[in-house]
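A.B. asks: Below is coords.cif; it holds mmCIF, C-alpha atoms.
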```cif
data_start
#
loop_
_atom_site.label_atom_id
_atom_site.label_comp_id
_atom_site.auth_asym_id
_atom_site.auth_seq_id
_atom_site.Cartn_x
_atom_site.Cartn_y
_atom_site.Cartn_z
CA MET A 326 -97.48 48.02 -24.12
CA ASN A 327 -100.23 50.41 -25.12
CA VAL A 328 -103.18 50.36 -22.68
CA ARG A 329 -105.58 50.24 -25.63
CA THR A 330 -104.39 46.71 -26.41
CA ALA A 331 -106.64 45.59 -23.55
CA PHE A 332 -109.54 46.03 -26.01
CA ILE A 333 -108.00 43.28 -28.14
CA THR A 334 -106.29 41.10 -25.54
CA ALA A 335 -109.23 40.78 -23.11
CA PRO A 336 -111.60 39.32 -25.73
CA LEU A 337 -108.83 37.05 -27.05
CA LEU A 338 -108.18 35.70 -23.55
CA THR A 339 -111.93 35.21 -23.12
CA LEU A 340 -111.91 33.31 -26.41
CA ALA A 341 -109.01 31.19 -25.13
CA TYR A 342 -110.93 30.44 -21.93
CA GLY A 343 -113.99 29.38 -23.92
CA VAL A 344 -112.02 27.10 -26.24
CA ILE A 345 -110.06 25.55 -23.37
CA ARG A 346 -113.34 25.03 -21.48
CA ILE A 347 -114.76 23.11 -24.46
CA LEU A 348 -111.60 21.03 -24.80
CA ASP A 349 -111.64 20.29 -21.07
CA GLY A 350 -115.15 18.89 -21.41
CA LEU A 351 -114.45 16.57 -24.33
CA ASP A 352 -114.02 13.65 -21.94
CA GLY A 353 -117.44 14.37 -20.43
CA SER A 354 -116.13 16.15 -17.34
CA ARG A 355 -114.62 19.57 -16.71
CA GLY A 356 -111.75 19.75 -14.22
CA PRO A 357 -109.70 19.18 -12.29
CA GLY A 358 -106.51 19.33 -14.28
CA ILE A 359 -104.30 21.44 -16.46
CA ALA A 360 -107.06 22.56 -18.84
CA TRP A 361 -109.22 23.68 -15.90
CA THR A 362 -106.32 25.64 -14.44
CA VAL A 363 -105.07 27.21 -17.67
CA GLY A 364 -108.58 28.16 -18.77
CA HIS A 365 -109.37 29.83 -15.48
CA LEU A 366 -106.04 31.68 -15.45
CA ALA A 367 -106.75 32.94 -18.98
CA PHE A 368 -110.10 34.34 -17.88
CA ILE A 369 -108.63 35.95 -14.76
CA ALA A 370 -106.06 37.64 -17.01
CA ALA A 371 -108.92 38.80 -19.26
CA LEU A 372 -110.73 40.22 -16.24
CA ALA A 373 -107.65 42.19 -15.22
CA LEU A 374 -107.59 43.71 -18.70
CA PHE A 375 -111.32 44.44 -18.60
CA VAL A 376 -110.62 46.79 -15.69
CA SER A 377 -108.54 48.85 -18.09
CA THR A 378 -111.26 48.77 -20.77
CA PHE A 379 -113.85 50.09 -18.32
CA TRP A 380 -111.75 53.06 -17.32
CA GLN A 381 -110.75 53.79 -20.92
CA MET A 382 -114.42 53.75 -21.93
CA ARG A 383 -115.11 56.08 -19.03
CA ASP A 384 -112.53 58.47 -20.47
CA LEU A 385 -114.17 58.21 -23.91
CA ALA A 386 -117.47 59.14 -22.25
CA ALA A 387 -115.87 62.41 -21.07
CA ARG A 388 -115.47 61.11 -17.53
CA SER A 389 -119.12 61.79 -16.82
CA ARG A 390 -120.63 60.80 -13.50
CA THR A 391 -122.61 58.07 -15.19
CA ALA A 392 -119.55 56.66 -16.95
CA THR A 393 -117.53 56.84 -13.74
CA ALA A 394 -120.26 55.01 -11.82
CA LEU A 395 -120.50 52.35 -14.52
CA ALA A 396 -116.73 51.85 -14.56
CA ALA A 397 -116.75 51.48 -10.77
CA ILE A 398 -119.68 49.04 -10.85
CA GLY A 399 -118.00 47.04 -13.61
CA THR A 400 -114.77 46.92 -11.65
CA ALA A 401 -116.66 45.67 -8.59
CA GLY A 402 -118.19 42.93 -10.75
CA ILE A 403 -114.72 42.02 -11.97
CA ALA A 404 -113.53 41.71 -8.37
CA VAL A 405 -116.39 39.29 -7.66
CA LEU A 406 -115.59 37.25 -10.77
CA VAL A 407 -111.92 37.06 -9.77
CA ILE A 408 -113.02 35.69 -6.40
CA GLN A 409 -115.29 33.16 -8.15
CA PHE A 410 -112.55 32.02 -10.51
CA GLY A 411 -110.06 31.97 -7.62
CA ILE A 412 -112.37 29.63 -5.74
CA ASP A 413 -112.65 27.49 -8.88
CA LEU A 414 -108.86 27.30 -9.11
CA VAL A 415 -108.44 26.32 -5.45
CA VAL A 416 -111.17 23.69 -5.72
CA GLY A 417 -109.45 22.33 -8.84
CA PHE A 418 -106.12 22.13 -7.03
CA ILE A 419 -107.44 20.33 -3.95
CA SER A 420 -109.70 17.88 -5.79
CA THR A 421 -108.76 14.58 -7.36
CA ASP A 422 -111.83 14.28 -9.59
CA ARG A 423 -115.03 16.04 -10.64
CA ALA A 424 -117.09 14.39 -7.88
CA GLU A 425 -114.76 15.79 -5.23
CA MET A 426 -114.94 19.21 -6.91
CA ALA A 427 -118.74 19.07 -6.72
CA THR A 428 -118.56 18.31 -3.00
CA HIS A 429 -116.24 21.27 -2.38
CA PHE A 430 -118.41 23.61 -4.48
CA GLU A 431 -121.51 22.49 -2.61
CA ARG A 432 -119.86 23.26 0.74
CA ILE A 433 -118.65 26.67 -0.41
CA GLN A 434 -121.95 27.68 -1.98
CA SER A 435 -123.92 26.53 1.08
CA VAL A 436 -122.30 29.29 3.16
CA PRO A 437 -125.05 31.92 3.56
CA GLY A 438 -124.67 34.73 1.04
CA VAL A 439 -121.83 33.18 -0.95
CA SER A 440 -123.97 31.79 -3.73
CA LEU A 441 -125.82 35.08 -4.22
CA ALA A 442 -122.79 37.36 -3.91
CA ILE A 443 -120.14 35.33 -5.71
CA TYR A 444 -122.04 33.15 -8.18
CA ASP A 445 -125.52 34.50 -8.88
CA GLY A 446 -125.59 38.26 -8.27
CA GLY A 447 -122.19 39.88 -8.06
CA PRO A 448 -120.88 38.83 -11.48
CA PHE A 449 -123.83 40.56 -13.17
CA LEU A 450 -122.36 43.89 -12.10
CA PHE A 451 -119.57 43.32 -14.63
CA TYR A 452 -121.85 42.27 -17.46
CA LEU A 453 -124.53 44.92 -16.97
CA ALA A 454 -122.01 47.72 -16.49
CA GLN A 455 -120.13 46.65 -19.62
CA LEU A 456 -123.28 46.80 -21.71
CA ALA A 457 -124.45 50.04 -20.11
CA ILE A 458 -121.18 51.89 -20.68
CA VAL A 459 -121.08 50.78 -24.33
CA VAL A 460 -124.70 51.95 -24.74
CA LEU A 461 -123.66 55.27 -23.20
CA LEU A 462 -120.83 55.52 -25.73
CA ALA A 463 -123.26 54.76 -28.57
CA VAL A 464 -125.75 57.37 -27.35
CA THR A 465 -122.97 59.97 -27.26
CA ARG A 466 -121.82 58.80 -30.71
CA ARG A 467 -118.41 57.66 -29.53
CA VAL A 468 -119.05 54.19 -30.98
CA LYS A 469 -121.28 52.89 -33.75
CA VAL A 470 -124.85 51.84 -32.99
CA TRP A 471 -124.01 48.18 -33.69
CA THR A 472 -121.37 48.08 -30.94
CA PRO A 473 -123.84 47.57 -28.04
CA VAL A 474 -125.62 44.91 -30.10
CA LEU A 475 -122.40 42.88 -30.40
CA VAL A 476 -121.61 43.35 -26.72
CA ALA A 477 -125.13 42.22 -25.83
CA LEU A 478 -124.67 39.11 -27.99
CA ASP A 479 -121.38 38.38 -26.22
CA LEU A 480 -123.10 38.65 -22.86
CA ALA A 481 -126.20 36.65 -23.85
CA LEU A 482 -124.65 33.69 -25.66
CA PRO A 483 -123.23 31.95 -22.55
CA PHE A 484 -126.74 31.97 -21.05
CA VAL A 485 -127.93 30.03 -24.09
CA ASP A 486 -125.01 27.58 -23.85
CA LYS A 487 -121.65 28.09 -22.19
CA ASP A 488 -120.00 26.40 -25.17
CA LEU A 489 -120.91 29.60 -27.08
CA ILE A 490 -118.41 31.63 -25.02
CA PRO A 491 -115.88 31.60 -27.91
CA VAL A 492 -118.49 32.92 -30.35
CA GLY A 493 -119.43 35.68 -27.91
CA ALA A 494 -115.76 36.54 -27.46
CA VAL A 495 -115.43 37.03 -31.22
CA PHE A 496 -118.44 39.40 -31.15
CA LEU A 497 -116.80 41.29 -28.29
CA LEU A 498 -113.50 41.48 -30.16
CA VAL A 499 -115.24 42.92 -33.22
CA SER A 500 -117.09 45.43 -31.05
CA PHE A 501 -113.88 46.48 -29.26
CA ILE A 502 -111.71 46.97 -32.38
CA PRO A 503 -113.06 50.52 -32.94
CA LEU A 504 -112.36 51.31 -29.27
CA TYR A 505 -108.81 50.05 -29.73
CA ARG A 506 -108.40 52.40 -32.69
CA THR A 507 -109.82 55.41 -30.85
#
```
What is this structure when it is put down as structure tokens?

C.D. replies:
Amino acid sequence: MNVRTAFITAPLLTLAYGVIRILDGLDGSRGPGIAWTVGHLAFIAALALFVSTFWQMRDLAARSRTATALAAIGTAGIAVLVIQFGIDLVVGFISTDRAEMATHFERIQSVPGVSLAIYDGGPFLFYLAQLAIVVLLAVTRRVKVWTPVLVALDLALPFVDKDLIPVGAVFLLVSFIPLYRT
């Protein structure tokens, strides 16, 4: 498989996660269960592919120090997100219902530093580095000016409402198609 397919597959897996997340919540509660597990596994797979996209974008940015630093920061953010989603998977496996999940999450997040590192701060490394490296590519005219706008929309929409993750994933897919073709 061509490594450039990560530019297509990662957003599609993010889209799958978003759709599965919505479907999982149709009964008024998300997790535990098959939808919770499959959705989280889809996003972990997307994250693995995003590692490739960071380093490919670094190459497109002529392997500059800035691009290298952004790829490394983004990869660190991905590692944190994989830990977060791994915790979510384990909690889903050991819980019988949403109330029990909430109890487990509360215990985990009450450990000093965990909430900040794994849930509130660390994941932003991925999102900010992704936007920054795409802006760098736009400034150096490797991608169109609208590309960072679409990436920013992808990153912002889940903060408006997490049910907008699929819409953001479509924006990301559109923004990554030119990178796939490069």

A.B. asks: Near range 393-406 of chain A, counting all atoms listed in the file, which residues have an atom at most 6 Å away, once you skip same-chain residues fewer than 4 positions from it, shown as a list of chain:residue names?

C.D. replies: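 Close residues of range 393-406 of chain A: A:Val376, A:Phe379, A:Trp380, A:Arg383, A:Ile443, A:Gly447, A:Pro448, A:Leu450, A:Phe451, A:Ala454.
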
A.B. asks: In Å, rounded to a single decimal, give me how far CA of Leu441 in chain A is from CA of Ala370 in chain A.

C.D. replies: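 Computed distance, CA of Ala370 in chain A to CA of Leu441 in chain A, equals 23.7 Å.
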
A.B. asks: In Å, rounded to a single decimal, give me how far CA of Ser440 in chain A is from CA of Asp479 in chain A.

C.D. replies: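 That distance, rounded to one decimal, is 23.6 Å.
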
A.B. asks: Please expand the PyMOL selection byres ((chain A and resi 330) around 10) into the concrete residues it hits in this file, giving the result as a list in words.

C.D. replies: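 Output from the PyMOL selection byres ((chain A and resi 330) around 10), applied to this file: Met326, Asn327, Val328, Arg329, Ala331, Phe332, Ile333, Thr334, Ala335, Leu374, Ser377, Thr378, Phe501, Ile502, Leu504, Tyr505 and Arg506 of chain A.
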
A.B. asks: Mind giving me the straight-line distance from CA of Thr391 in chain A to CA of Arg466 in chain A in Å, one decimal?

C.D. replies: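 CA of Arg466 in chain A lies 15.6 Å from CA of Thr391 in chain A.
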
A.B. asks: Draw an axis-aligned box over all listed atoms of range 380-384 of chain A, pad each side with 5 Å, and write its centre and edge lengths in Å, one decimal, as AutoDock Vina command-line options.

C.D. replies:
```
--center_x -112.9 --center_y 55.8 --center_z -19.6 --size_x 14.4 --size_y 15.4 --size_z 14.6
```

A.B. asks: Taking 2 positions as the minimum chain separation for residues in the same chain, which residues sit within 12 Å of Ala463 in chain A when counting all atoms listed in the file? Answer as an mmCIF file with C-alpha atoms, in the coordinates of the input.

C.D. replies:
```
data_model
loop_
_atom_site.group_PDB
_atom_site.id
_atom_site.type_symbol
_atom_site.label_atom_id
_atom_site.label_comp_id
_atom_site.auth_asym_id
_atom_site.auth_seq_id
_atom_site.Cartn_x
_atom_site.Cartn_y
_atom_site.Cartn_z
ATOM 1 C CA MET A 382 -114.420 53.750 -21.930
ATOM 2 C CA LEU A 385 -114.170 58.210 -23.910
ATOM 3 C CA ALA A 386 -117.470 59.140 -22.250
ATOM 4 C CA LEU A 456 -123.280 46.800 -21.710
ATOM 5 C CA ALA A 457 -124.450 50.040 -20.110
ATOM 6 C CA ILE A 458 -121.180 51.890 -20.680
ATOM 7 C CA VAL A 459 -121.080 50.780 -24.330
ATOM 8 C CA VAL A 460 -124.700 51.950 -24.740
ATOM 9 C CA LEU A 461 -123.660 55.270 -23.200
ATOM 10 C CA THR A 465 -122.970 59.970 -27.260
ATOM 11 C CA ARG A 466 -121.820 58.800 -30.710
ATOM 12 C CA ARG A 467 -118.410 57.660 -29.530
ATOM 13 C CA VAL A 468 -119.050 54.190 -30.980
ATOM 14 C CA LYS A 469 -121.280 52.890 -33.750
ATOM 15 C CA VAL A 470 -124.850 51.840 -32.990
ATOM 16 C CA TRP A 471 -124.010 48.180 -33.690
ATOM 17 C CA THR A 472 -121.370 48.080 -30.940
ATOM 18 C CA PRO A 473 -123.840 47.570 -28.040
ATOM 19 C CA VAL A 474 -125.620 44.910 -30.100
ATOM 20 C CA VAL A 476 -121.610 43.350 -26.720
ATOM 21 C CA SER A 500 -117.090 45.430 -31.050
ATOM 22 C CA PRO A 503 -113.060 50.520 -32.940
ATOM 23 C CA LEU A 504 -112.360 51.310 -29.270
#
```

A.B. asks: Please provide as a PDB file with C-alpha atoms, in the frame of the given file all residues within 8 Å of range 480-493 of chain A, with the sequence filter that same-chain residues fewer than 5 positions apart are discarded (counting all atoms listed in the file).

C.D. replies:
```
ATOM      1  CA  THR A 339    -111.930  35.210 -23.120  1.00  0.00           C
ATOM      2  CA  LEU A 340    -111.910  33.310 -26.410  1.00  0.00           C
ATOM      3  CA  ALA A 341    -109.010  31.190 -25.130  1.00  0.00           C
ATOM      4  CA  TYR A 342    -110.930  30.440 -21.930  1.00  0.00           C
ATOM      5  CA  GLY A 343    -113.990  29.380 -23.920  1.00  0.00           C
ATOM      6  CA  VAL A 344    -112.020  27.100 -26.240  1.00  0.00           C
ATOM      7  CA  ARG A 346    -113.340  25.030 -21.480  1.00  0.00           C
ATOM      8  CA  ILE A 347    -114.760  23.110 -24.460  1.00  0.00           C
ATOM      9  CA  TYR A 452    -121.850  42.270 -17.460  1.00  0.00           C
TER      10      TYR A 452
END
```

A.B. asks: Give the answer as one residue: which of A:Gly353, A:Pro336, A:Gly446, A:Pro437 has the shortest atom-to-atom distance to Gln409 in chain A, using all atoms listed in the file?

C.D. replies: A:Gly446
